[in-house]
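Undergrad: Here's a structure for you.
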Amino acid sequence: MRLPAVFLAVVTACAVAPAAASAALPTPKTTTIVPGKSIAGVAVGMSVRRALAAWGPGSACTEATVQDACYWQGTDRQGNASFNVVKGKVVQITISTGRKGNDLVYAGPLQTWKTRKKIRLGARTYAVVRAYPKVRSSGSGPVLGSGNHTTTFQVSGERIYQINVGAPVSAY
C-alpha cells in the first residue's frame, strides 16, 4: 500500500520541479532601485561575490566571474534580471519586463522593484519626467546621470520595459 503513495509523491514532485526551476528570478532583501547606483541591493562597483549574495541563487555565475553577464531568468511573463561584470566588478544592472508572445507583460515580481519615487517597470514615460526633472531624452528613453552612474529607462509604447543602472553598454 505504501508503494503507490510514494510513487505518486515522486511523480508529483517531478511534475512540479521543472515549473519551479524555470522561475529563477533573484530573491533580494530589498527591491529598491537607486538611480545611478543600484537595483535591489546590487550596486555598480560591487564585487561579484557580494552581488551574488544580494540576489541569491538562480544564475550560473560564480565568484570567479571576471568578465561576463550574470543572468536570472523568470518565466516568459515574469521577465529577467542581470548584471554585467568587468574585472570582477559589477558595471551595469538591468531588469526587464516579461512577454507574452510579442506583447510586453507589466505584471509579475519585478514590477514590485521601484525607486523611492515609485518608478518601476510598466511606469509611464511622463511619470519618469515628473519624478526626475533633470532627466534627459535619448533614443531609447529617459536617462538620468552620466558615465558609470547612468540610469536608462527603456521605453516601448510610452511605458518602461527595461531599467539599466550603470555604465552604458558602449563604455565597456
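Ordering of the C-alpha cells sets the chain letters (A, B, ...); residue numbers start at 1 within each chain; ligands are numbered from 1 in the order shown.
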Can you pull out every residue from stretch 45-160 of chain A that DSSP, working from the backbone, puts in helix (DSSP H, G or I), and format the result as number ranges by chain?
TA: A: 48-55, 109-112, 125-131, 147-149
Undergrad: Give me, as a PyMOL selection string, all polymer residues having an atom no more than 12 Å from A:Thr65, counting only C-alpha atoms and skipping those fewer than 5 positions away in the same chain.
TA: chain A and resi 47-49+51-52+59-60+70+83-90
Undergrad: Would you mind exporting the chosen residues as an mmCIF file, in the first residue's frame, restricted to C-alpha atoms?
TA:
```cif
data_model
loop_
_atom_site.group_PDB
_atom_site.id
_atom_site.type_symbol
_atom_site.label_atom_id
_atom_site.label_comp_id
_atom_site.auth_asym_id
_atom_site.auth_seq_id
_atom_site.Cartn_x
_atom_site.Cartn_y
_atom_site.Cartn_z
ATOM 1 C CA SER A 47 32.205 42.513 -6.291
ATOM 2 C CA VAL A 48 30.613 39.513 -7.987
ATOM 3 C CA ARG A 49 30.613 37.653 -4.661
ATOM 4 C CA ALA A 51 26.253 40.828 -5.856
ATOM 5 C CA LEU A 52 25.512 37.101 -5.992
ATOM 6 C CA SER A 59 22.496 32.439 -12.011
ATOM 7 C CA ALA A 60 25.304 30.294 -13.404
ATOM 8 C CA CYS A 70 25.186 37.110 -14.587
ATOM 9 C CA PHE A 83 24.267 42.403 -14.129
ATOM 10 C CA ASN A 84 27.347 42.805 -16.303
ATOM 11 C CA VAL A 85 30.775 42.226 -14.833
ATOM 12 C CA VAL A 86 34.177 43.571 -15.882
ATOM 13 C CA LYS A 87 37.305 42.534 -13.957
ATOM 14 C CA GLY A 88 35.231 41.047 -11.151
ATOM 15 C CA LYS A 89 33.129 44.182 -10.531
ATOM 16 C CA VAL A 90 29.528 44.991 -11.463
#
```
Undergrad: Counting only C-alpha atoms, which of A:Ile93, A:Leu104, A:Val34, A:Ala43 gets nearest to A:Leu144?
TA: A:Val34
Undergrad: So, with only C-alpha atoms as the atoms that count, which of A:Ile163, A:Val44, A:Ser38, A:Lys117 lies closest to A:Pro133?
TA: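 The answer is A:Lys117, which sits nearest to A:Pro133.
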Undergrad: Can you tell me, as a list in words, what residues are no more than 9 Å from A:Thr94 when counting only C-alpha atoms, ignoring any on the same chain fewer than 3 positions away?
TA: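 Non-adjacent residues within range: Ile39, Asn80, Ala81, Ser82, Phe83, Asn84, Gln162, Ile163, Asn164, Val165 and Gly166 of chain A.
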Undergrad: Go ahead and save the picked residues with N, CA and C atoms, as a PDB file, in the first residue's frame.
TA:
```pdb
ATOM      1  N   ILE A  39      20.285  48.408  -8.095  1.00  0.00           N
ATOM      2  CA  ILE A  39      18.964  47.808  -8.266  1.00  0.00           C
ATOM      3  C   ILE A  39      18.885  46.634  -7.295  1.00  0.00           C
ATOM      4  N   ASN A  80      13.276  39.165 -16.646  1.00  0.00           N
ATOM      5  CA  ASN A  80      14.599  38.740 -16.240  1.00  0.00           C
ATOM      6  C   ASN A  80      15.375  39.873 -15.595  1.00  0.00           C
ATOM      7  N   ALA A  81      16.446  39.491 -14.950  1.00  0.00           N
ATOM      8  CA  ALA A  81      17.334  40.441 -14.284  1.00  0.00           C
ATOM      9  C   ALA A  81      18.766  39.999 -14.551  1.00  0.00           C
ATOM     10  N   SER A  82      19.671  40.957 -14.632  1.00  0.00           N
ATOM     11  CA  SER A  82      21.066  40.604 -14.888  1.00  0.00           C
ATOM     12  C   SER A  82      21.980  41.721 -14.410  1.00  0.00           C
ATOM     13  N   PHE A  83      23.251  41.365 -14.295  1.00  0.00           N
ATOM     14  CA  PHE A  83      24.267  42.403 -14.129  1.00  0.00           C
ATOM     15  C   PHE A  83      25.481  42.010 -14.944  1.00  0.00           C
ATOM     16  N   ASN A  84      26.138  43.016 -15.496  1.00  0.00           N
ATOM     17  CA  ASN A  84      27.347  42.805 -16.303  1.00  0.00           C
ATOM     18  C   ASN A  84      28.555  43.029 -15.419  1.00  0.00           C
ATOM     19  N   GLN A 162      12.333  48.283 -19.524  1.00  0.00           N
ATOM     20  CA  GLN A 162      13.640  47.867 -19.040  1.00  0.00           C
ATOM     21  C   GLN A 162      14.281  49.024 -18.284  1.00  0.00           C
ATOM     22  N   ILE A 163      14.968  48.708 -17.192  1.00  0.00           N
ATOM     23  CA  ILE A 163      15.695  49.713 -16.429  1.00  0.00           C
ATOM     24  C   ILE A 163      17.140  49.243 -16.320  1.00  0.00           C
ATOM     25  N   ASN A 164      18.076  50.127 -16.715  1.00  0.00           N
ATOM     26  CA  ASN A 164      19.515  49.849 -16.653  1.00  0.00           C
ATOM     27  C   ASN A 164      20.159  50.869 -15.723  1.00  0.00           C
ATOM     28  N   VAL A 165      20.982  50.397 -14.809  1.00  0.00           N
ATOM     29  CA  VAL A 165      21.750  51.278 -13.932  1.00  0.00           C
ATOM     30  C   VAL A 165      23.226  50.924 -14.121  1.00  0.00           C
ATOM     31  N   GLY A 166      24.042  51.944 -14.377  1.00  0.00           N
ATOM     32  CA  GLY A 166      25.489  51.721 -14.521  1.00  0.00           C
ATOM     33  C   GLY A 166      25.990  52.266 -15.839  1.00  0.00           C
TER      34      GLY A 166
END
```
Undergrad: Do a neighbour search on stretch 71-75 of chain A at 10 Å with only C-alpha atoms, toss out local chain neighbours closer than 3 positions, and write the hits as JSON, numbers by chain.
TA: {"A": [19, 20, 21, 22, 23, 24, 25, 26, 55, 56, 57, 58, 59, 60, 61, 68, 78, 79, 80, 81, 82, 83, 84, 94, 95, 96, 97, 98, 99, 108, 109, 110]}
Undergrad: Restrict the selected residues to N, CA and C atoms and save them as a compact mmCIF listing (two decimals), in the first residue's frame.
TA:
```txt
# COMPACT_ATOMS: atom_id res chain seq x y z
N ALA A 19 8.64 23.49 -13.35
CA ALA A 19 8.00 24.80 -13.27
C ALA A 19 8.72 25.69 -12.28
N ALA A 20 9.12 25.15 -11.14
CA ALA A 20 9.83 25.94 -10.15
C ALA A 20 11.21 26.32 -10.65
N ALA A 21 11.87 25.42 -11.36
CA ALA A 21 13.22 25.70 -11.86
C ALA A 21 13.22 26.81 -12.90
N SER A 22 12.15 26.94 -13.66
CA SER A 22 12.12 27.96 -14.71
C SER A 22 11.85 29.35 -14.16
N ALA A 23 11.47 29.46 -12.92
CA ALA A 23 11.16 30.76 -12.31
C ALA A 23 12.29 31.18 -11.38
N ALA A 24 13.48 31.32 -11.91
CA ALA A 24 14.66 31.60 -11.11
C ALA A 24 15.01 33.09 -11.10
N LEU A 25 14.09 33.92 -10.66
CA LEU A 25 14.39 35.34 -10.53
C LEU A 25 15.17 35.58 -9.24
N PRO A 26 15.87 36.71 -9.12
CA PRO A 26 16.60 37.00 -7.88
C PRO A 26 15.67 37.05 -6.67
N TRP A 55 21.48 38.86 -4.54
CA TRP A 55 20.36 38.37 -5.35
C TRP A 55 20.05 36.90 -5.15
N GLY A 56 20.93 36.15 -4.55
CA GLY A 56 20.65 34.75 -4.29
C GLY A 56 20.82 33.85 -5.50
N PRO A 57 20.46 32.57 -5.35
CA PRO A 57 20.68 31.59 -6.41
C PRO A 57 19.82 31.85 -7.64
N GLY A 58 20.24 31.25 -8.74
CA GLY A 58 19.47 31.38 -9.98
C GLY A 58 20.34 31.70 -11.17
N SER A 59 21.58 32.12 -10.92
CA SER A 59 22.50 32.44 -12.01
C SER A 59 23.59 31.38 -12.07
N ALA A 60 24.19 31.22 -13.24
CA ALA A 60 25.30 30.29 -13.40
C ALA A 60 26.63 30.95 -13.03
N CYS A 61 26.61 32.22 -12.66
CA CYS A 61 27.84 32.93 -12.29
C CYS A 61 28.40 32.43 -10.97
N ASP A 68 31.68 38.96 -17.72
CA ASP A 68 30.53 38.18 -18.18
C ASP A 68 29.26 38.88 -17.74
N GLN A 78 7.35 36.67 -16.56
CA GLN A 78 7.96 37.34 -15.41
C GLN A 78 9.09 38.27 -15.78
N GLY A 79 9.82 37.99 -16.83
CA GLY A 79 10.95 38.82 -17.22
C GLY A 79 12.27 38.28 -16.71
N ASN A 80 13.28 39.16 -16.65
CA ASN A 80 14.60 38.74 -16.24
C ASN A 80 15.37 39.87 -15.60
N ALA A 81 16.45 39.49 -14.95
CA ALA A 81 17.33 40.44 -14.28
C ALA A 81 18.77 40.00 -14.55
N SER A 82 19.67 40.96 -14.63
CA SER A 82 21.07 40.60 -14.89
C SER A 82 21.98 41.72 -14.41
N PHE A 83 23.25 41.36 -14.30
CA PHE A 83 24.27 42.40 -14.13
C PHE A 83 25.48 42.01 -14.94
N ASN A 84 26.14 43.02 -15.50
CA ASN A 84 27.35 42.80 -16.30
C ASN A 84 28.56 43.03 -15.42
N THR A 94 20.51 45.35 -14.83
CA THR A 94 19.35 45.50 -15.71
C THR A 94 18.20 44.63 -15.23
N ILE A 95 16.97 45.19 -15.30
CA ILE A 95 15.76 44.37 -15.14
C ILE A 95 14.87 44.65 -16.34
N SER A 96 14.19 43.59 -16.78
CA SER A 96 13.33 43.69 -17.96
C SER A 96 11.99 43.01 -17.69
N THR A 97 10.95 43.60 -18.25
CA THR A 97 9.62 43.03 -18.10
C THR A 97 9.47 41.76 -18.91
N GLY A 98 8.46 40.99 -18.61
CA GLY A 98 8.21 39.76 -19.33
C GLY A 98 7.46 39.99 -20.63
N ARG A 99 7.20 38.89 -21.32
CA ARG A 99 6.50 38.94 -22.60
C ARG A 99 5.48 37.82 -22.69
N GLY A 108 4.04 41.01 -12.49
CA GLY A 108 4.99 40.00 -12.06
C GLY A 108 5.90 40.52 -10.97
N PRO A 109 6.76 39.68 -10.46
CA PRO A 109 7.61 40.04 -9.33
C PRO A 109 8.51 41.25 -9.56
N LEU A 110 9.06 41.41 -10.76
CA LEU A 110 9.98 42.53 -11.00
C LEU A 110 9.26 43.88 -11.01
```
Undergrad: Going by DSSP on the backbone, which residues of stretch 8-121 of chain A come out as strand (DSSP E or B)? List them as number ranges by chain.
TA: A: 32-34, 38-39, 42-43, 47, 67-73, 80-86, 89-96, 98-100, 103-105, 114, 120
Undergrad: What is the distance between atom CA of A:Ser137 and atom CA of A:Phe153, in Å to one decimal?
TA: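 Separating atom CA of A:Ser137 from atom CA of A:Phe153 is a distance of 9.9 Å.
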Undergrad: Considering only C-alpha atoms, state which residue in the set A:Tyr126, A:Trp113, A:Tyr106, A:Tyr132 is at the smallest distance from A:Ala40.
TA: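 Among the listed residues, A:Trp113 lies closest to A:Ala40.
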Undergrad: Between A:His149, A:Arg130, A:Ala107, A:Arg136, which has the minimum distance to A:Tyr161 (counting only C-alpha atoms)?
TA: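 Of the candidates, the smallest distance to A:Tyr161 is held by A:Ala107.
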Undergrad: As an exercise, work out the distance from atom CA of A:Thr112 to atom CA of A:Ile33 in Å and give it to one decimal place.
TA: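 These two atoms are separated by 10.2 Å.
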Undergrad: Which of these residues is nearest to A:Ala54, using only C-alpha atoms: A:Gly101, A:Gly41, A:Gly147, A:Pro35?
TA: A:Gly41
Undergrad: May I ask which of the residues A:Ile119, A:Val42, A:Val91, A:Ala127 is the closest one to A:Thr150, counting only C-alpha atoms?
TA: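 Looking at the shortest contact to A:Thr150, the residue is A:Val91.
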